[in-house]
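Student: Contents of input14.txt (compact mmCIF, C-alpha atoms) are given next:
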# COMPACT_ATOMS: atom_id res chain seq x y z
CA MET A 1 0.00 0.00 0.00
CA THR A 2 1.29 3.42 -0.92
CA MET A 3 1.04 5.98 1.84
CA PRO A 4 -0.77 9.18 0.89
CA THR A 5 1.24 12.37 0.65
CA LYS A 6 -1.22 14.20 2.92
CA ALA A 7 -3.79 13.19 5.51
CA PRO A 8 -7.06 12.08 3.88
CA GLY A 9 -9.20 13.92 6.44
CA THR A 10 -10.27 17.51 6.05
CA PRO A 11 -11.97 19.86 8.51
CA ASN A 12 -14.70 20.41 5.90
CA PRO A 13 -18.00 19.04 7.27
CA ALA A 14 -19.45 18.99 3.72
CA VAL A 15 -17.51 15.74 3.14
CA VAL A 16 -19.78 13.91 5.61
CA THR A 17 -22.74 12.26 3.88
CA LYS A 18 -26.14 11.13 5.17
CA GLY A 19 -26.14 7.65 6.65
CA THR A 20 -25.47 5.37 9.56
CA TYR A 21 -21.95 5.37 10.93
CA LYS A 22 -20.39 2.82 13.24
CA ILE A 23 -18.01 3.87 15.98
CA ASP A 24 -14.40 2.95 15.27
CA PRO A 25 -13.37 1.32 18.58
CA ASP A 26 -9.66 1.49 17.76
CA HIS A 27 -9.78 5.26 17.26
CA THR A 28 -12.32 6.31 19.89
CA GLN A 29 -11.50 7.19 23.47
CA VAL A 30 -13.55 8.17 26.48
CA VAL A 31 -11.01 9.97 28.68
CA PHE A 32 -11.78 10.96 32.26
CA THR A 33 -9.84 13.36 34.47
CA VAL A 34 -10.17 13.83 38.23
CA ASN A 35 -8.22 15.76 40.83
CA ARG A 36 -6.24 13.40 43.07
CA LEU A 37 -5.53 14.54 46.64
CA GLY A 38 -5.37 18.16 45.53
CA PHE A 39 -1.92 17.40 44.07
CA THR A 40 -2.48 16.24 40.51
CA GLU A 41 -4.92 15.95 37.68
CA TYR A 42 -5.20 12.23 36.94
CA SER A 43 -6.60 10.75 33.72
CA GLY A 44 -7.66 7.35 32.52
CA LEU A 45 -9.74 6.04 29.68
CA PHE A 46 -12.32 3.51 28.63
CA ASN A 47 -11.28 1.36 25.66
CA SER A 48 -13.29 -0.50 23.02
CA PRO A 49 -16.54 1.46 22.87
CA THR A 50 -19.28 0.39 20.48
CA GLY A 51 -22.11 2.35 18.97
CA THR A 52 -23.66 4.12 16.04
CA LEU A 53 -24.42 7.57 14.76
CA VAL A 54 -27.31 8.22 12.39
CA LEU A 55 -26.57 11.48 10.63
CA ASP A 56 -28.13 13.72 8.02
CA PRO A 57 -25.92 16.79 7.54
CA LYS A 58 -28.87 18.64 5.98
CA ALA A 59 -31.00 17.93 9.07
CA PRO A 60 -28.56 17.69 11.99
CA ALA A 61 -31.37 17.94 14.57
CA SER A 62 -32.51 14.47 13.47
CA SER A 63 -29.11 12.95 14.31
CA LYS A 64 -28.93 10.19 16.89
CA VAL A 65 -25.85 8.83 18.64
CA GLU A 66 -25.69 5.76 20.89
CA VAL A 67 -22.45 4.65 22.53
CA SER A 68 -21.65 1.89 25.00
CA PHE A 69 -18.31 1.43 26.71
CA PRO A 70 -17.31 -1.60 28.79
CA ILE A 71 -16.36 -0.83 32.38
CA ALA A 72 -13.94 -3.78 32.37
CA LYS A 73 -11.88 -1.87 29.78
CA VAL A 74 -11.08 1.06 32.10
CA ARG A 75 -7.36 1.81 31.99
CA THR A 76 -5.11 4.07 34.02
CA THR A 77 -1.36 4.00 34.57
CA SER A 78 -1.90 1.64 37.53
CA PRO A 79 -3.10 -1.96 37.05
CA GLU A 80 -4.06 -2.02 40.74
CA LEU A 81 -6.25 1.05 40.27
CA ASP A 82 -7.81 -0.49 37.14
CA ALA A 83 -8.84 -3.51 39.23
CA GLY A 84 -10.04 -1.26 42.07
CA LEU A 85 -12.23 0.78 39.72
CA GLN A 86 -13.96 -2.42 38.58
CA ALA A 87 -14.58 -3.64 42.16
CA ALA A 88 -17.99 -3.77 43.85
CA ASP A 89 -17.28 -0.63 45.92
CA PHE A 90 -16.71 1.48 42.81
CA PHE A 91 -18.01 0.81 39.24
CA ASP A 92 -18.98 -2.80 40.11
CA SER A 93 -18.31 -4.04 36.58
CA ALA A 94 -19.73 -7.49 37.42
CA LYS A 95 -23.16 -5.95 38.11
CA PHE A 96 -22.92 -2.95 35.74
CA PRO A 97 -20.70 -4.11 32.83
CA ASN A 98 -21.36 -1.14 30.52
CA ALA A 99 -21.89 2.58 30.61
CA THR A 100 -24.02 4.11 27.85
CA PHE A 101 -24.84 7.41 26.24
CA VAL A 102 -27.96 7.91 24.14
CA SER A 103 -28.58 11.31 22.58
CA THR A 104 -31.94 13.03 22.92
CA LYS A 105 -31.20 16.29 21.10
CA VAL A 106 -28.56 17.60 18.71
CA VAL A 107 -28.14 21.29 17.90
CA ALA A 108 -25.51 22.08 15.27
CA ALA A 109 -23.86 25.45 14.70
CA GLY A 110 -21.27 25.31 11.93
CA SER A 111 -18.50 22.91 12.96
CA ASN A 112 -19.78 22.70 16.54
CA ALA A 113 -22.73 20.95 18.11
CA THR A 114 -24.41 20.60 21.46
CA ILE A 115 -25.42 17.00 22.03
CA THR A 116 -27.82 16.40 24.91
CA GLY A 117 -28.46 12.87 26.07
CA ASN A 118 -28.80 10.27 28.78
CA LEU A 119 -25.60 8.98 30.34
CA THR A 120 -25.99 5.77 32.34
CA ILE A 121 -23.20 4.72 34.69
CA HIS A 122 -23.48 2.29 37.60
CA GLY A 123 -27.18 1.79 36.84
CA VAL A 124 -27.96 5.51 37.23
CA THR A 125 -29.09 7.68 34.31
CA ARG A 126 -28.52 11.44 34.20
CA LEU A 127 -28.99 14.03 31.48
CA VAL A 128 -25.68 15.46 30.25
CA VAL A 129 -24.74 18.01 27.61
CA LEU A 130 -21.72 17.42 25.37
CA LYS A 131 -20.00 20.31 23.63
CA ALA A 132 -18.82 18.75 20.38
CA ARG A 133 -16.39 19.98 17.74
CA PHE A 134 -16.07 18.48 14.27
CA VAL A 135 -12.47 17.38 13.64
CA GLY A 136 -12.41 16.07 10.09
CA ALA A 137 -13.79 13.73 7.43
CA GLY A 138 -12.71 12.01 4.28
CA ARG A 139 -12.22 8.68 2.58
CA GLU A 140 -10.01 6.20 4.34
CA PHE A 141 -6.91 5.29 2.34
CA TRP A 142 -6.94 1.57 3.26
CA GLY A 143 -9.46 -1.24 2.84
CA ASP A 144 -12.75 -0.34 1.21
CA LYS A 145 -12.08 3.41 1.49
CA LYS A 146 -15.26 4.21 3.44
CA ILE A 147 -16.09 7.73 4.51
CA ALA A 148 -14.74 8.31 8.00
CA PHE A 149 -15.00 11.30 10.28
CA GLY A 150 -14.43 12.32 13.84
CA PHE A 151 -15.37 14.77 16.51
CA ALA A 152 -14.17 15.71 19.96
CA ALA A 153 -16.62 16.41 22.78
CA THR A 154 -16.35 17.51 26.39
CA THR A 155 -18.52 17.61 29.48
CA SER A 156 -18.20 17.44 33.25
CA ILE A 157 -20.20 15.26 35.62
CA LYS A 158 -20.38 14.70 39.36
CA ARG A 159 -19.62 11.06 40.03
CA SER A 160 -21.63 11.13 43.27
CA GLU A 161 -24.76 11.66 41.14
CA PHE A 162 -24.08 8.21 39.65
CA GLY A 163 -23.62 6.51 43.03
CA LEU A 164 -19.81 6.65 42.79
CA SER A 165 -18.89 8.42 46.04
CA ASN A 166 -15.89 6.27 47.02
CA SER A 167 -12.89 8.40 48.13
CA ILE A 168 -14.58 11.82 47.87
CA PRO A 169 -13.02 14.34 48.71
CA LEU A 170 -9.59 12.71 48.31
CA VAL A 171 -10.50 12.18 44.67
CA SER A 172 -12.70 14.92 43.24
CA ASP A 173 -16.42 14.51 42.77
CA ARG A 174 -16.09 16.43 39.50
CA VAL A 175 -15.01 14.31 36.54
CA ASP A 176 -14.09 15.98 33.25
CA LEU A 177 -14.85 13.81 30.24
CA THR A 178 -13.30 14.13 26.80
CA ILE A 179 -14.65 11.95 24.03
CA ASN A 180 -12.49 11.59 20.93
CA ALA A 181 -14.83 9.80 18.57
CA GLY A 182 -14.08 8.22 15.21
CA PHE A 183 -16.82 6.88 12.93
CA GLU A 184 -16.93 4.85 9.70
CA ALA A 185 -19.77 4.72 7.18
CA GLN A 186 -21.76 1.47 7.08
As a first step, turn the structure in this file into structure tokens.

Tutor:
Amino acid sequence: MTMPTKAPGTPNPAVVTKGTYKIDPDHTQVVFTVNRLGFTEYSGLFNSPTGTLVLDPKAPASSKVEVSFPIAKVRTTSPELDAGLQAADFFDSAKFPNATFVSTKVVAAGSNATITGNLTIHGVTRLVVLKARFVGAGREFWGDKKIAFGFAATTSIKRSEFGLSNSIPLVSDRVDLTINAGFEAQ
């Protein structure tokens, strides 16, 4: 395979076409950041999310995104912490194996969007608002050369509102989330 001379993606949203897109689990990250002991900002991520996005660029309000990420795939820089986060006194991945986000409203403004939806973690569902930014789109240069695109989104939640109060205030109640999402046309 010959490598392209420039990246195939462009920040032009007009490249995105109407259709159903599948999340690219190898290029999607749900990153969380908390304050640890008042000393450091500490981040981890959830790997291997699954989901779909139904999109019509001419009618963005009709868009729908659904994402699920397995709690057992939480990763930090500490294997002991990874195991602790999955334990019964925290995420309880045996009882609550997945967290999900299902959009209820999408409002687009140029290359940005506000995506409102239901986030379910630890069996508790709360309404959250994601501030999303279109990153780029284009045809992949390998395989079947499907249209691919991505966006980055941010929000903050209080983990106590999801029944995750372990170690507050040593570890902050506020959790900043960054979602780097990649999608491929189906």

Student: Residues near Val67 (chain A), anyone? I mean within 7 Å using only C-alpha atoms, not counting same-chain ones fewer than 5 positions away, as JSON, numbers by chain.

Tutor: {"A": [49, 50, 51, 52, 100, 101, 102]}

Student: Please check which residues have atoms at most 7 Å from (-21.0, 16.3, 38.5) in the file's coordinates, counting all atoms listed in the file, and write them as a list in words.

Tutor: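 Within the cut-off we find Ser156, Ile157, Lys158, Arg159, Glu161, Asp173, Arg174 and Val175 of chain A.
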
Student: Expressed in Å to a single decimal, how great is the separation between CA of Ala72 (chain A) and CA of Phe90 (chain A)?

Tutor: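 Those two atoms sit 12.0 Å apart.
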
Student: Between A:Ser43, A:Gln86, A:Gln29, A:Asn98, which is the closest to Ala152 (chain A) once you count only C-alpha atoms?

Tutor: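 Selected residue with least distance to Ala152 (chain A): A:Gln29.
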
Student: May I have the residues within 12 Å of Leu81 (chain A) as a list in words, using only C-alpha atoms and disregarding those fewer than 3 positions away in the same chain?

Tutor: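 Contacts, in chain order: Tyr42, Ser43, Gly44, Val74, Arg75, Thr76, Thr77, Ser78, Gly84, Leu85, Gln86, Ala87, Phe90 and Phe91 of chain A.
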
Student: Would you list the residues near (-24.8, 8.7, 16.5) (no more than 8 Å away, in the coordinates of the file, using all atoms listed in the file) as an MDAnalysis selection string?

Tutor: chainID A and resid 20:21 51:55 63:67 103

Student: Rank nothing, just name the residue among A:Leu177, A:Leu130, A:Ala185, A:Ala113 nearest to Val31 (chain A), using all atoms listed in the file.

Tutor: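 Between A:Leu177, A:Leu130, A:Ala185, A:Ala113, the residue approaching Val31 (chain A) most closely is A:Leu177.
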
Student: Quick one: distance from CA of Phe32 (chain A) to CA of Phe46 (chain A) in Å, one decimal?

Tutor: 8.3 Å
